[in-house]
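Participant: Supplied structure: target14.cif, mmCIF, C-alpha atoms and all ligand atoms.
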data_run
#
loop_
_atom_site.label_atom_id
_atom_site.label_comp_id
_atom_site.auth_asym_id
_atom_site.auth_seq_id
_atom_site.Cartn_x
_atom_site.Cartn_y
_atom_site.Cartn_z
CA MET A 1 33.43 6.80 58.32
CA ASN A 2 36.08 8.48 60.40
CA GLY A 3 33.84 9.41 63.35
CA GLU A 4 30.32 9.55 64.80
CA LEU A 5 27.52 10.90 62.62
CA VAL A 6 24.95 12.96 64.54
CA VAL A 7 22.00 14.26 62.50
CA VAL A 8 20.31 17.18 64.26
CA GLU A 9 17.77 19.94 63.59
CA ASP A 10 19.90 22.63 65.12
CA VAL A 11 23.58 22.28 64.21
CA PRO A 12 24.75 25.57 65.80
CA GLY A 13 22.89 24.74 69.04
CA GLU A 14 24.39 21.25 69.18
CA PHE A 15 27.84 22.66 68.42
CA ALA A 16 27.56 25.16 71.28
CA GLU A 17 26.40 22.45 73.67
CA ARG A 18 29.30 20.16 72.80
CA VAL A 19 31.90 22.90 73.15
CA ILE A 20 30.46 23.82 76.55
CA GLU A 21 30.63 20.15 77.56
CA ALA A 22 34.22 19.86 76.32
CA PHE A 23 35.13 23.01 78.27
CA HIS A 24 33.80 21.51 81.48
CA SER A 25 35.61 18.21 80.96
CA ARG A 26 38.94 19.76 79.89
CA PRO A 27 41.92 18.02 81.43
CA GLY A 28 43.98 21.22 81.91
CA ASP A 29 43.46 24.63 83.51
CA THR A 30 42.90 26.29 80.17
CA PHE A 31 40.87 25.16 77.17
CA SER A 32 42.22 25.34 73.61
CA LEU A 33 39.75 25.85 70.78
CA ALA A 34 40.73 26.04 67.10
CA LEU A 35 38.24 27.88 64.89
CA SER A 36 37.35 27.61 61.22
CA GLY A 37 35.80 29.89 58.60
CA GLY A 38 32.68 29.87 56.46
CA GLU A 39 29.02 30.62 56.97
CA THR A 40 28.20 27.54 59.06
CA ALA A 41 31.01 28.58 61.38
CA ARG A 42 29.57 32.08 61.72
CA LEU A 43 26.22 30.71 62.90
CA ALA A 44 27.96 28.23 65.20
CA TYR A 45 30.07 30.95 66.85
CA GLU A 46 27.14 33.33 67.28
CA ARG A 47 25.33 30.55 69.07
CA LEU A 48 28.37 29.62 71.15
CA ALA A 49 28.71 33.27 72.18
CA ALA A 50 25.06 33.33 73.28
CA ASP A 51 24.78 29.91 74.95
CA GLY A 52 28.32 29.88 76.31
CA ALA A 53 28.31 33.42 77.70
CA GLU A 54 27.50 32.21 81.22
CA GLN A 55 28.58 28.60 80.91
CA ILE A 56 32.17 29.07 79.81
CA ASP A 57 34.84 30.98 81.69
CA TRP A 58 36.23 32.76 78.64
CA TRP A 59 39.26 33.92 80.63
CA ALA A 60 40.34 30.25 80.54
CA VAL A 61 40.00 29.87 76.76
CA ASP A 62 42.93 29.94 74.33
CA VAL A 63 41.72 30.62 70.81
CA TYR A 64 43.54 29.24 67.76
CA TRP A 65 42.62 28.88 64.10
CA GLY A 66 42.48 25.75 61.99
CA ASP A 67 42.93 27.80 58.85
CA GLU A 68 43.11 31.34 57.57
CA ARG A 69 42.80 33.11 54.25
CA CYS A 70 45.81 35.30 53.42
CA VAL A 71 43.96 38.63 53.49
CA PRO A 72 44.18 41.59 55.90
CA GLN A 73 42.56 40.92 59.29
CA ASP A 74 39.74 43.40 58.61
CA ASP A 75 38.93 41.91 55.19
CA PRO A 76 35.39 40.45 54.98
CA ASP A 77 36.98 37.10 53.95
CA SER A 78 39.24 36.93 57.01
CA ASN A 79 38.51 34.03 59.37
CA TYR A 80 39.97 36.11 62.20
CA ARG A 81 37.43 38.84 61.48
CA LEU A 82 34.60 36.31 61.39
CA ALA A 83 35.57 34.93 64.80
CA ARG A 84 36.04 38.42 66.22
CA GLU A 85 32.58 39.53 65.11
CA ALA A 86 30.67 36.32 65.80
CA LEU A 87 32.39 35.22 69.01
CA LEU A 88 35.24 37.18 70.57
CA GLU A 89 33.63 40.63 70.72
CA ARG A 90 30.44 39.09 72.04
CA VAL A 91 32.00 37.15 74.91
CA GLY A 92 34.47 39.96 75.60
CA ALA A 93 37.29 37.83 77.01
CA ALA A 94 39.81 35.10 76.27
CA ASN A 95 42.97 33.90 78.00
CA ALA A 96 44.87 34.30 74.70
CA VAL A 97 44.06 34.73 71.02
CA HIS A 98 46.46 33.27 68.44
CA PRO A 99 45.54 34.39 64.91
CA MET A 100 47.30 32.76 61.95
CA ARG A 101 49.22 35.48 60.09
CA CYS A 102 50.32 34.60 56.58
CA GLU A 103 52.84 37.45 56.60
CA ASP A 104 54.76 35.73 59.43
CA GLY A 105 55.10 32.45 57.50
CA THR A 106 54.22 29.10 59.05
CA ASP A 107 57.08 28.70 61.55
CA PRO A 108 55.66 30.73 64.47
CA TYR A 109 52.35 28.87 64.31
CA GLN A 110 54.10 25.53 63.89
CA LEU A 111 55.97 26.33 67.11
CA LYS A 112 52.83 27.39 68.97
CA ILE A 113 50.91 24.24 68.03
CA GLY A 114 53.96 22.10 68.78
CA GLU A 115 54.30 23.64 72.26
CA LEU A 116 50.58 23.34 72.93
CA GLY A 117 50.76 19.58 72.44
CA ARG A 118 47.07 18.70 72.38
CA ILE A 119 44.20 20.91 71.20
CA ASP A 120 41.01 20.37 73.20
CA VAL A 121 38.62 21.06 70.31
CA VAL A 122 39.26 21.66 66.60
CA HIS A 123 36.17 22.91 64.78
CA LEU A 124 36.01 22.05 61.08
CA GLY A 125 33.62 22.61 58.18
CA LEU A 126 33.11 20.60 55.01
CA GLY A 127 33.35 22.11 51.54
CA ALA A 128 31.17 20.88 48.67
CA ASP A 129 34.41 19.54 47.12
CA GLY A 130 35.26 17.55 50.27
CA HIS A 131 37.82 20.03 51.60
CA THR A 132 38.16 20.79 55.26
CA ALA A 133 40.15 23.55 56.97
CA SER A 134 42.18 24.73 53.91
CA LEU A 135 43.08 21.21 52.81
CA PHE A 136 41.77 21.07 49.25
CA PRO A 137 41.57 17.99 47.02
CA GLY A 138 44.87 17.52 45.19
CA SER A 139 46.64 20.30 47.14
CA THR A 140 50.22 20.09 48.39
CA ALA A 141 49.48 20.52 52.13
CA LEU A 142 47.74 17.13 52.12
CA ASP A 143 51.10 15.48 51.52
CA ALA A 144 53.06 17.48 54.10
CA ASP A 145 55.62 15.59 56.20
CA PRO A 146 54.06 14.13 59.35
CA GLY A 147 56.08 16.54 61.53
CA ARG A 148 54.64 19.56 59.75
CA LEU A 149 51.62 20.79 61.70
CA VAL A 150 50.98 24.02 59.78
CA ALA A 151 51.36 24.70 56.04
CA ARG A 152 50.69 27.25 53.32
CA ASN A 153 48.24 26.01 50.73
CA THR A 154 46.11 26.95 47.73
CA ASP A 155 43.20 25.30 45.96
CA PRO A 156 44.66 23.91 42.70
CA THR A 157 41.25 24.36 41.00
CA GLY A 158 41.05 28.01 42.05
CA ALA A 159 37.44 27.49 43.19
CA ASN A 160 38.25 28.50 46.79
CA PRO A 161 39.89 31.91 46.64
CA HIS A 162 43.02 33.27 48.38
CA GLU A 163 46.23 31.69 49.50
CA ARG A 164 45.77 29.95 52.81
CA MET A 165 47.50 28.92 55.98
CA THR A 166 46.14 25.72 57.50
CA LEU A 167 46.68 23.02 60.05
CA THR A 168 47.81 19.88 58.25
CA LEU A 169 46.25 16.49 58.91
CA SER A 170 48.98 15.96 61.56
CA GLY A 171 48.11 19.31 63.12
CA ILE A 172 44.41 18.41 63.25
CA ALA A 173 45.31 14.99 64.70
CA ARG A 174 46.53 16.82 67.81
CA ALA A 175 42.87 17.39 68.68
CA ARG A 176 41.27 15.64 71.61
CA GLN A 177 38.04 16.22 69.74
CA VAL A 178 37.23 17.36 66.21
CA ILE A 179 33.73 18.73 65.72
CA PHE A 180 32.57 19.05 62.10
CA THR A 181 29.49 21.17 61.38
CA VAL A 182 27.77 20.51 58.04
CA CYS A 183 24.62 22.27 56.83
CA GLY A 184 22.69 22.43 53.58
CA ALA A 185 21.89 20.41 50.47
CA ASP A 186 25.06 21.55 48.67
CA LYS A 187 27.09 19.38 51.08
CA ARG A 188 25.21 16.14 50.30
CA ASP A 189 27.67 14.73 47.76
CA ALA A 190 30.71 15.55 49.85
CA LEU A 191 29.14 14.02 52.95
CA GLN A 192 28.25 10.84 51.06
CA LYS A 193 31.89 10.56 50.01
CA VAL A 194 32.99 10.85 53.64
CA LEU A 195 30.41 8.26 54.70
CA ARG A 196 31.66 5.85 52.04
CA GLY A 197 35.27 6.52 52.95
CA ASP A 198 36.12 7.93 49.50
CA ASP A 199 39.41 9.75 49.40
CA VAL A 200 38.53 13.42 49.93
CA PRO A 201 40.47 15.54 52.46
CA ALA A 202 37.75 15.42 55.15
CA THR A 203 37.81 11.60 55.08
CA ARG A 204 41.47 11.68 56.12
CA VAL A 205 40.86 13.60 59.34
CA ARG A 206 41.85 11.69 62.48
CA ALA A 207 41.72 12.67 66.16
CA ASP A 208 40.96 11.01 69.50
CA ARG A 209 37.31 11.70 68.80
CA VAL A 210 35.68 12.95 65.59
CA VAL A 211 32.04 14.05 65.69
CA TRP A 212 30.02 15.05 62.62
CA LEU A 213 27.09 17.37 63.39
CA VAL A 214 24.96 17.35 60.26
CA ASP A 215 21.56 18.84 59.44
CA ARG A 216 18.80 16.86 57.66
CA GLU A 217 19.34 18.66 54.38
CA ALA A 218 22.97 17.62 54.19
CA ALA A 219 22.33 14.12 55.55
CA GLN A 220 19.91 13.12 52.76
CA PRO A 221 21.60 10.78 50.28
C1 LIG B 301 37.47 28.32 55.22
C2 LIG B 301 37.22 27.04 55.94
C3 LIG B 301 36.53 25.95 55.21
C4 LIG B 301 35.04 25.95 55.58
C5 LIG B 301 34.22 25.13 54.61
C6 LIG B 301 32.73 25.17 54.90
O1 LIG B 301 38.18 29.14 55.75
O2 LIG B 301 36.93 28.46 54.13
O3 LIG B 301 37.66 26.87 57.18
O4 LIG B 301 37.09 24.70 55.40
O5 LIG B 301 34.86 25.50 56.88
O6 LIG B 301 34.45 25.59 53.32
O7 LIG B 301 32.27 26.48 54.76
P1 LIG B 301 30.72 26.87 54.71
O8 LIG B 301 30.17 26.56 56.03
O9 LIG B 301 30.70 28.33 54.37
O10 LIG B 301 30.13 26.04 53.62
#
Spell out the structure here as C-alpha cells.
Ligand code: 6PG
Facilitator:
Amino acid sequence: MNGELVVVEDVPGEFAERVIEAFHSRPGDTFSLALSGGETARLAYERLAADGAEQIDWWAVDVYWGDERCVPQDDPDSNYRLAREALLERVGAANAVHPMRCEDGTDPYQLKIGELGRIDVVHLGLGADGHTASLFPGSTALDADPGRLVARNTDPTGANPHERMTLTLSGIARARQVIFTVCGADKRDALQKVLRGDDVPATRVRADRVVWLVDREAAQP
C-alpha cells in the first residue's frame, strides 16, 4: 500500500497526537495544516482542539483545506463550517485561515498552495467508494495536469453531493505528511482496495510520508 497502516482503538486520539508531534517537529516557524470534511474529521478536530489546546501554539498554525463543497460557508455541508465549529472556535487562534471559496475559482488557491511550497500535514478521509479529498473515482480532477494543484470537481455518479473544489494528487503530494483517518465497517471494502493497491483515488495518494490511522471495524477484511 501507499503508506504505513496503523490500526488503533482511538483514531481521533491518535490523529491529535500525530498532529501535535508534527507541529513540534515542523521545519519552519509556522505550521501548515490542510483539513478535510466528513464525520470522522469532525471527531478528529474536536479531539485535536481538546488535546492540542495547550500543546500547540495556534498562533503559529496556518489552516488550509484539502477540499470544499461549493455551498455557503454557513451551510451544514460546508467543510469550512465543520472546521470552524470543531476546531477553530475551540482553540480561538490561528496565524492565518485560508478557506477554499468556489466563487473565486481555483486560481487564488492554486497560487496560495504554489507559494506555500510544502504543506506540513494534509489530513484526508476515505470514502466507501475509495475517494479521498474530493477526488472521486472516474472524475476529471484525477487526470489534472501535474502542475495543477487545485481543481473543481464533481462525483460522476452523483452519490457525493455538491460541486467541489479540491487539491489534486499533485497538490496533496506537496505534503510532508498525509494522515488518513478511517473509521467504521462501511470503509472495509475501500480499505481492502487500498491495501491491495487497486486503482481507487486514495491508492494514488503520494507524499513524503503517508500514514493510515484505521479503527478495528474498518481494518477487518
Ligand atoms: C468531504 C471529504 C471526503 C471525506 C470522506 C470521508 O468533504 O466529503 O473531505 O473526502 O473525508 O468522504 O468522510 P466520512 O468520515 O464522513 O466517512
Participant: Quick one: of A:Pro161, A:Pro137, A:Pro12, A:Gly184, who's nearest to Arg69 (chain A), counting only C-alpha atoms?
Facilitator: A:Pro161
Participant: Using CA of Asp186 (chain A) and CA of Ala173 (chain A) as the two end points, give the distance in Å to one decimal.
Facilitator: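 One can read the CA of Asp186 (chain A) to CA of Ala173 (chain A) distance as 26.6 Å.
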Participant: Rounded to one decimal, what separation in Å do you get between CA of Thr166 (chain A) and CA of Leu135 (chain A)?
Facilitator: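 Interatomic distance, CA of Thr166 (chain A) to CA of Leu135 (chain A): 7.2 Å.
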Participant: Need the neighbours of (48.3, 26.1, 67.0): which residues are at most 10 Å away, counting all atoms listed in the file, as number ranges by chain?
Facilitator: A: 32-34, 62-67, 98-100, 108-119, 149-150, 166-167, 171-172, 174
Participant: Write out as a PyMOL selection string the residues lying within 10 Å of Ser170 (chain A), counting all atoms listed in the file and excluding same-chain residues fewer than 5 positions away.
Facilitator: chain A and resi 142+144-150+175+205-207
Participant: Using all atoms listed in the file, which residues have at least one atom no more than 10 Å from ligand LIG 301 (chain B)? Output them as a ChimeraX atom specification.
Facilitator: /A:35-44,65-69,77-80,82,123-136,160-162,164-166,180-184,186-187,202
Participant: I want to know what sits within 9 Å of Gly13 (chain A), based on all atoms listed in the file, with residues of the same chain fewer than 4 positions away left out; could you give that as number ranges by chain?
Facilitator: A: 9, 17-18, 44, 47-48, 51
Participant: If I take CA of Leu169 (chain A) and CA of Asp143 (chain A), how far is one from the other in Å, to one decimal?
Facilitator: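 A separation of 8.9 Å between them.
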Participant: Of the candidates A:Ala83, A:Asp120, A:Gln55, A:Val6, which shows the shortest atom-to-atom distance to Gly28 (chain A), using only C-alpha atoms?
Facilitator: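 Smallest distance to Gly28 (chain A) is found for A:Asp120.
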Participant: Might you pull out every residue within 10 Å of region 19-23 of chain A, with all atoms listed in the file counted and same-chain residues fewer than 2 positions away left off, and present them as a ChimeraX atom specification?
Facilitator: /A:14-17,25-33,48,51-53,55-58,60-61,120-123,176-177,179
Participant: Nearest to Thr168 (chain A): which of A:Ser139, A:Asn95, A:Gln192, A:Asn2 is it, counting only C-alpha atoms?
Facilitator: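 That would be A:Ser139, the residue with the smallest distance to Thr168 (chain A).
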Participant: Using all atoms listed in the file, can you tell me which of A:Glu46, A:Glu103, A:Asp155, A:Asp10 comes closest to Arg90 (chain A)?
Facilitator: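 Using all atoms listed in the file, Arg90 (chain A) sits closest to A:Glu46.
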Participant: Would you kindly return, as number ranges by chain, each protein, DNA or RNA residue with an atom no farther than 10 Å from any atom of Gly92 (chain A), considering all atoms listed in the file and excluding same-chain residues fewer than 2 positions away?
Facilitator: A: 49, 53, 58-59, 84, 87-90, 94
Participant: Measuring atom to atom with only C-alpha atoms, identify which of A:Thr106, A:Pro221, A:Asp74, A:Arg152 is nearest to Arg196 (chain A).
Facilitator: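 Residue with the minimum atom-to-atom distance to Arg196 (chain A): A:Pro221.
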Participant: Give me, as a VMD selection string, all polymer residues having an atom no more than 8 Å from Ala219 (chain A), counting all atoms listed in the file and skipping those fewer than 5 positions away in the same chain.
Facilitator: chain A and resid 7 188 191 214
Participant: Using the file's own x, y and z axes, what box holds all listed atoms of region 153-161 of chain A with 8 Å on each side, keeping edges along x, y and z, and what are its centre and edge lengths in Å to one decimal, as AutoDock Vina command-line options?
Facilitator:
--center_x 42.8 --center_y 27.9 --center_z 45.9 --size_x 26.8 --size_y 24.0 --size_z 25.7
Participant: May I ask you to restore N, CA, C and O atoms in region 185-206 of chain A and write the result as a compact mmCIF listing (two decimals), in the frame of the given file?
Facilitator:
# COMPACT_ATOMS: atom_id res chain seq x y z
N ALA A 185 21.95 21.42 51.53
CA ALA A 185 21.89 20.41 50.47
C ALA A 185 23.15 20.41 49.61
O ALA A 185 23.51 19.37 49.04
N ASP A 186 23.86 21.53 49.52
CA ASP A 186 25.06 21.55 48.67
C ASP A 186 26.21 20.72 49.25
O ASP A 186 27.23 20.53 48.59
N LYS A 187 26.04 20.21 50.47
CA LYS A 187 27.09 19.38 51.08
C LYS A 187 26.79 17.88 50.96
O LYS A 187 27.57 17.06 51.44
N ARG A 188 25.63 17.55 50.36
CA ARG A 188 25.21 16.14 50.30
C ARG A 188 26.26 15.23 49.67
O ARG A 188 26.63 14.20 50.23
N ASP A 189 26.72 15.59 48.49
CA ASP A 189 27.67 14.73 47.76
C ASP A 189 28.94 14.53 48.57
O ASP A 189 29.45 13.42 48.69
N ALA A 190 29.45 15.63 49.09
CA ALA A 190 30.71 15.55 49.85
C ALA A 190 30.51 14.67 51.08
O ALA A 190 31.37 13.83 51.39
N LEU A 191 29.38 14.82 51.75
CA LEU A 191 29.14 14.02 52.95
C LEU A 191 29.02 12.54 52.59
O LEU A 191 29.54 11.67 53.31
N GLN A 192 28.36 12.25 51.48
CA GLN A 192 28.25 10.84 51.06
C GLN A 192 29.63 10.25 50.82
O GLN A 192 29.89 9.10 51.15
N LYS A 193 30.52 11.04 50.24
CA LYS A 193 31.89 10.56 50.01
C LYS A 193 32.57 10.22 51.34
O LYS A 193 33.25 9.21 51.48
N VAL A 194 32.38 11.09 52.32
CA VAL A 194 32.99 10.85 53.64
C VAL A 194 32.39 9.58 54.25
O VAL A 194 33.10 8.75 54.81
N LEU A 195 31.07 9.44 54.13
CA LEU A 195 30.41 8.26 54.70
C LEU A 195 30.91 6.97 54.05
O LEU A 195 31.07 5.95 54.72
N ARG A 196 31.17 7.05 52.75
CA ARG A 196 31.66 5.85 52.04
C ARG A 196 33.15 5.62 52.26
O ARG A 196 33.68 4.58 51.89
N GLY A 197 33.82 6.63 52.78
CA GLY A 197 35.27 6.52 52.95
C GLY A 197 36.04 6.83 51.68
O GLY A 197 37.21 6.46 51.54
N ASP A 198 35.40 7.50 50.71
CA ASP A 198 36.12 7.93 49.50
C ASP A 198 37.23 8.90 49.87
O ASP A 198 37.12 9.62 50.85
N ASP A 199 38.25 8.93 49.05
CA ASP A 199 39.41 9.75 49.40
C ASP A 199 39.20 11.23 49.07
O ASP A 199 39.62 11.71 48.02
N VAL A 200 38.55 11.95 49.98
CA VAL A 200 38.53 13.42 49.93
C VAL A 200 39.21 13.88 51.22
O VAL A 200 39.31 13.09 52.18
N PRO A 201 39.71 15.13 51.27
CA PRO A 201 40.47 15.54 52.46
C PRO A 201 39.75 15.29 53.79
O PRO A 201 40.36 14.81 54.74
N ALA A 202 38.46 15.56 53.87
CA ALA A 202 37.75 15.42 55.15
C ALA A 202 37.74 13.97 55.64
O ALA A 202 37.69 13.71 56.85
N THR A 203 37.79 13.03 54.71
CA THR A 203 37.81 11.60 55.08
C THR A 203 39.10 11.25 55.82
O THR A 203 39.15 10.32 56.61
N ARG A 204 40.16 12.02 55.54
CA ARG A 204 41.47 11.68 56.12
C ARG A 204 41.67 12.24 57.53
O ARG A 204 42.71 12.00 58.14
N VAL A 205 40.71 13.00 58.01
CA VAL A 205 40.86 13.60 59.34
C VAL A 205 40.82 12.52 60.42
O VAL A 205 39.95 11.65 60.41
N ARG A 206 41.80 12.60 61.33
CA ARG A 206 41.85 11.69 62.48
C ARG A 206 42.06 12.51 63.74
O ARG A 206 42.73 13.54 63.71
